[in-house]
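First comes the structure, then the notes that go with it.
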Amino acid sequence: MDITESKKAQEQIEYLSFHDPVTGLYNRMFFDNALKRIDNEKNLPISIIYGDVNGLKLINDIYGHAKGDELLKKITKVLTNAFRDGDIVARLGGDEFAILLPNTKSKDAKLIIQRIKNEFSAEDIGG
């Protein structure tokens with residue numbers, strides 16, 4: 001009996017339980033679990049960066065959800081390129097994103113935020 005299709009379906013279910021279907025980033029459930037998991041002395045200090053997408057609802061309303069999804073994917077590309085492998089980048093839902101930064105002081109997180117702002121400023125989101 002070939003269980004290849006069943007195994008693929010199970011893997012897809014597991015993937016979607018911890019990932020956002022639009023961006024492929026971790027979702028809120030994974031983020032919440034990761035926060036509990038990394039909240040220990042070896043990861044201190046921990047910084048969290050939180051942000052949202054200004055105007056996403058308006059873009060969805062005027063241009064449709066496909067355009068809104070394109071914007072979310074561009075944001076995802078910038079965010080995933082901006083962080084270390086051990087950092088946890090998540091889409092919490094809608095237009096909300098959060099990043100867990102283990103072993104990161106607040107002054108370093110502020111520098112990272114500025115770098116991200118600069119990268120977003122250079123990104124063409126119109127096309």
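Within each chain, counting starts at residue 1; across the structure tokens, chains are named A, B, ... in the order shown, with ligands numbered 1 upward in that order.
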Shell around A:Gly86 at 9 Å using only C-alpha atoms, local window under 6 positions removed, as number ranges by chain: A: 100-102
Kindly export the residues of the current selection with N, CA, C and O atoms, as an mmCIF file, in the first residue's frame.
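Below is the file out_4.cif, written as the result:
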```cif
data_model
loop_
_atom_site.group_PDB
_atom_site.id
_atom_site.type_symbol
_atom_site.label_atom_id
_atom_site.label_comp_id
_atom_site.auth_asym_id
_atom_site.auth_seq_id
_atom_site.Cartn_x
_atom_site.Cartn_y
_atom_site.Cartn_z
ATOM 1 N N LEU A 100 10.952 37.844 17.155
ATOM 2 C CA LEU A 100 11.622 37.530 18.421
ATOM 3 C C LEU A 100 13.114 37.513 18.174
ATOM 4 O O LEU A 100 13.598 36.822 17.266
ATOM 5 N N LEU A 101 13.849 38.257 18.998
ATOM 6 C CA LEU A 101 15.292 38.369 18.849
ATOM 7 C C LEU A 101 15.978 37.912 20.128
ATOM 8 O O LEU A 101 16.196 38.706 21.042
ATOM 9 N N PRO A 102 16.315 36.628 20.211
ATOM 10 C CA PRO A 102 17.049 36.160 21.387
ATOM 11 C C PRO A 102 18.440 36.792 21.425
ATOM 12 O O PRO A 102 19.012 37.110 20.382
#
```
In stretch 3-106 of chain A, DSSP alpha helix (DSSP H) residues written as a VMD selection string: chain A and resid 4 to 18 28 to 38 56 to 63 65 to 82 106
Just write the chosen residues, N, CA and C atoms, as a short mmCIF file (atom, residue, chain, number, x, y, z; two decimals), in the first residue's frame.
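That gives us selection26.cif:
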```cif
data_model
loop_
_atom_site.label_atom_id
_atom_site.label_comp_id
_atom_site.auth_asym_id
_atom_site.auth_seq_id
_atom_site.Cartn_x
_atom_site.Cartn_y
_atom_site.Cartn_z
N THR A 4 2.28 7.51 0.17
CA THR A 4 2.95 8.76 -0.19
C THR A 4 2.01 9.95 -0.12
N GLU A 5 0.83 9.84 -0.72
CA GLU A 5 -0.13 10.95 -0.72
C GLU A 5 -0.60 11.28 0.69
N SER A 6 -0.84 10.26 1.47
CA SER A 6 -1.28 10.47 2.85
C SER A 6 -0.20 11.17 3.66
N LYS A 7 1.04 10.75 3.45
CA LYS A 7 2.15 11.36 4.17
C LYS A 7 2.33 12.83 3.76
N LYS A 8 2.20 13.12 2.46
CA LYS A 8 2.29 14.50 1.98
C LYS A 8 1.18 15.35 2.59
N ALA A 9 -0.01 14.83 2.65
CA ALA A 9 -1.14 15.56 3.22
C ALA A 9 -0.89 15.85 4.70
N GLN A 10 -0.37 14.87 5.43
CA GLN A 10 -0.06 15.06 6.85
C GLN A 10 1.02 16.13 7.03
N GLU A 11 2.04 16.11 6.19
CA GLU A 11 3.11 17.11 6.26
C GLU A 11 2.55 18.50 5.98
N GLN A 12 1.64 18.60 5.03
CA GLN A 12 1.02 19.89 4.70
C GLN A 12 0.20 20.42 5.87
N ILE A 13 -0.53 19.55 6.53
CA ILE A 13 -1.32 19.94 7.70
C ILE A 13 -0.39 20.44 8.80
N GLU A 14 0.69 19.74 9.04
CA GLU A 14 1.64 20.15 10.08
C GLU A 14 2.27 21.50 9.72
N TYR A 15 2.62 21.68 8.46
CA TYR A 15 3.21 22.95 8.03
C TYR A 15 2.23 24.10 8.26
N LEU A 16 0.99 23.93 7.83
CA LEU A 16 0.00 25.00 7.95
C LEU A 16 -0.40 25.28 9.40
N SER A 17 -0.18 24.34 10.30
CA SER A 17 -0.52 24.59 11.69
C SER A 17 0.45 25.58 12.33
N PHE A 18 1.62 25.79 11.74
CA PHE A 18 2.60 26.72 12.30
C PHE A 18 3.04 27.81 11.33
N ARG A 28 0.87 33.00 14.47
CA ARG A 28 0.74 33.41 15.87
C ARG A 28 0.93 32.23 16.83
N MET A 29 0.39 31.08 16.49
CA MET A 29 0.52 29.92 17.38
C MET A 29 1.99 29.55 17.56
N PHE A 30 2.73 29.51 16.46
CA PHE A 30 4.16 29.21 16.57
C PHE A 30 4.88 30.29 17.36
N PHE A 31 4.58 31.55 17.09
CA PHE A 31 5.21 32.67 17.77
C PHE A 31 4.98 32.58 19.28
N ASP A 32 3.74 32.35 19.69
CA ASP A 32 3.42 32.26 21.12
C ASP A 32 4.18 31.10 21.78
N ASN A 33 4.24 29.96 21.11
CA ASN A 33 4.98 28.81 21.64
C ASN A 33 6.48 29.10 21.70
N ALA A 34 7.00 29.76 20.66
CA ALA A 34 8.42 30.08 20.63
C ALA A 34 8.79 31.06 21.74
N LEU A 35 7.93 32.01 22.00
CA LEU A 35 8.19 32.97 23.07
C LEU A 35 8.32 32.26 24.41
N LYS A 36 7.45 31.32 24.67
CA LYS A 36 7.53 30.54 25.91
C LYS A 36 8.80 29.70 25.94
N ARG A 37 9.15 29.13 24.79
CA ARG A 37 10.30 28.23 24.70
C ARG A 37 11.63 28.96 24.88
N ILE A 38 11.75 30.17 24.32
CA ILE A 38 13.04 30.86 24.40
C ILE A 38 13.17 31.75 25.63
N LEU A 56 -3.08 48.45 4.66
CA LEU A 56 -3.37 47.15 4.02
C LEU A 56 -4.85 46.98 3.74
N LYS A 57 -5.68 47.35 4.68
CA LYS A 57 -7.14 47.22 4.48
C LYS A 57 -7.59 48.07 3.29
N LEU A 58 -7.06 49.27 3.19
CA LEU A 58 -7.41 50.14 2.07
C LEU A 58 -6.98 49.54 0.74
N ILE A 59 -5.76 48.99 0.70
CA ILE A 59 -5.27 48.34 -0.52
C ILE A 59 -6.19 47.16 -0.88
N ASN A 60 -6.54 46.35 0.11
CA ASN A 60 -7.44 45.22 -0.15
C ASN A 60 -8.79 45.71 -0.67
N ASP A 61 -9.31 46.77 -0.07
CA ASP A 61 -10.63 47.29 -0.46
C ASP A 61 -10.62 47.88 -1.87
N ILE A 62 -9.57 48.60 -2.21
CA ILE A 62 -9.52 49.30 -3.50
C ILE A 62 -9.03 48.38 -4.63
N TYR A 63 -7.93 47.66 -4.38
CA TYR A 63 -7.29 46.89 -5.45
C TYR A 63 -7.54 45.39 -5.37
N HIS A 65 -7.72 41.68 -2.72
CA HIS A 65 -6.86 40.93 -1.81
C HIS A 65 -5.60 40.40 -2.49
N ALA A 66 -5.64 40.19 -3.78
CA ALA A 66 -4.44 39.71 -4.48
C ALA A 66 -3.33 40.75 -4.38
N LYS A 67 -3.67 42.03 -4.54
CA LYS A 67 -2.68 43.10 -4.40
C LYS A 67 -2.20 43.20 -2.96
N GLY A 68 -3.12 43.06 -2.01
CA GLY A 68 -2.74 43.07 -0.60
C GLY A 68 -1.79 41.94 -0.29
N ASP A 69 -2.06 40.76 -0.85
CA ASP A 69 -1.17 39.61 -0.65
C ASP A 69 0.20 39.85 -1.26
N GLU A 70 0.24 40.51 -2.42
CA GLU A 70 1.54 40.86 -3.03
C GLU A 70 2.35 41.74 -2.09
N LEU A 71 1.69 42.72 -1.49
CA LEU A 71 2.37 43.61 -0.55
C LEU A 71 2.89 42.82 0.64
N LEU A 72 2.08 41.93 1.18
CA LEU A 72 2.52 41.10 2.31
C LEU A 72 3.74 40.26 1.94
N LYS A 73 3.77 39.76 0.73
CA LYS A 73 4.91 38.94 0.28
C LYS A 73 6.17 39.78 0.13
N LYS A 74 6.03 41.02 -0.33
CA LYS A 74 7.18 41.91 -0.43
C LYS A 74 7.72 42.24 0.96
N ILE A 75 6.82 42.48 1.88
CA ILE A 75 7.21 42.75 3.26
C ILE A 75 7.94 41.54 3.84
N THR A 76 7.41 40.38 3.56
CA THR A 76 8.03 39.13 4.03
C THR A 76 9.45 39.00 3.50
N LYS A 77 9.64 39.31 2.24
CA LYS A 77 10.98 39.21 1.64
C LYS A 77 11.96 40.13 2.36
N VAL A 78 11.56 41.37 2.61
CA VAL A 78 12.44 42.30 3.31
C VAL A 78 12.74 41.79 4.72
N LEU A 79 11.71 41.35 5.42
CA LEU A 79 11.91 40.90 6.80
C LEU A 79 12.78 39.65 6.88
N THR A 80 12.55 38.69 6.02
CA THR A 80 13.34 37.46 6.10
C THR A 80 14.80 37.70 5.75
N ASN A 81 15.07 38.69 4.91
CA ASN A 81 16.46 39.01 4.56
C ASN A 81 17.14 39.83 5.65
N ALA A 82 16.37 40.42 6.54
CA ALA A 82 16.92 41.35 7.52
C ALA A 82 17.34 40.70 8.84
N SER A 106 18.21 46.01 23.73
CA SER A 106 17.27 46.97 23.14
C SER A 106 17.99 47.95 22.21
#
```
Pick from A:Ala109, A:Val89, A:Ala98, A:Leu25, whichever lies nearest to A:Tyr50 using only C-alpha atoms: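 Closest residue, counting only C-alpha atoms: A:Ala98.
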Write down as a CSV table (one decimal) with all heavy atoms, in the first residue's frame the residues of stretch 42-73 of chain A whose backbone DSSP state falls under strand (DSSP E).
```
chain,number,residue,atom,x,y,z
A,47,SER,N,14.6,40.7,22.7
A,47,SER,CA,13.9,41.8,22.2
A,47,SER,C,12.8,41.3,21.3
A,47,SER,O,12.9,40.3,20.7
A,47,SER,CB,14.9,42.8,21.4
A,47,SER,OG,15.8,43.4,22.3
A,48,ILE,N,11.8,42.1,21.2
A,48,ILE,CA,10.6,41.8,20.3
A,48,ILE,C,10.4,43.1,19.5
A,48,ILE,O,10.2,44.2,20.1
A,48,ILE,CB,9.4,41.4,21.1
A,48,ILE,CG1,9.6,40.2,21.9
A,48,ILE,CG2,8.2,41.2,20.1
A,48,ILE,CD1,8.5,39.8,22.8
A,49,ILE,N,10.3,42.9,18.2
A,49,ILE,CA,9.9,44.0,17.3
A,49,ILE,C,8.5,43.7,16.8
A,49,ILE,O,8.3,42.6,16.3
A,49,ILE,CB,10.9,44.1,16.1
A,49,ILE,CG1,12.3,44.4,16.7
A,49,ILE,CG2,10.4,45.1,15.1
A,49,ILE,CD1,13.4,44.4,15.6
A,50,TYR,N,7.7,44.6,16.9
A,50,TYR,CA,6.3,44.5,16.5
A,50,TYR,C,6.0,45.6,15.5
A,50,TYR,O,6.4,46.7,15.7
A,50,TYR,CB,5.4,44.6,17.7
A,50,TYR,CG,3.9,44.5,17.3
A,50,TYR,CD1,3.3,43.3,17.2
A,50,TYR,CD2,3.2,45.6,17.0
A,50,TYR,CE1,1.9,43.2,16.8
A,50,TYR,CE2,1.8,45.6,16.7
A,50,TYR,CZ,1.2,44.4,16.6
A,50,TYR,OH,-0.1,44.3,16.2
A,51,GLY,N,5.3,45.2,14.4
A,51,GLY,CA,4.9,46.3,13.4
A,51,GLY,C,3.7,45.8,12.7
A,51,GLY,O,3.3,44.7,12.7
A,52,ASP,N,3.0,46.8,12.1
A,52,ASP,CA,1.9,46.5,11.2
A,52,ASP,C,2.0,47.2,9.9
A,52,ASP,O,2.9,48.1,9.7
A,52,ASP,CB,0.6,46.8,11.9
A,52,ASP,CG,0.4,48.3,12.2
A,52,ASP,OD1,1.1,49.1,11.6
A,52,ASP,OD2,-0.5,48.6,13.0
```
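Distances to A:Asn40 were evaluated for A:Asn118, A:Asp20, A:Asn103, A:Phe97 using only C-alpha atoms, and the minimum falls at A:Asn103.
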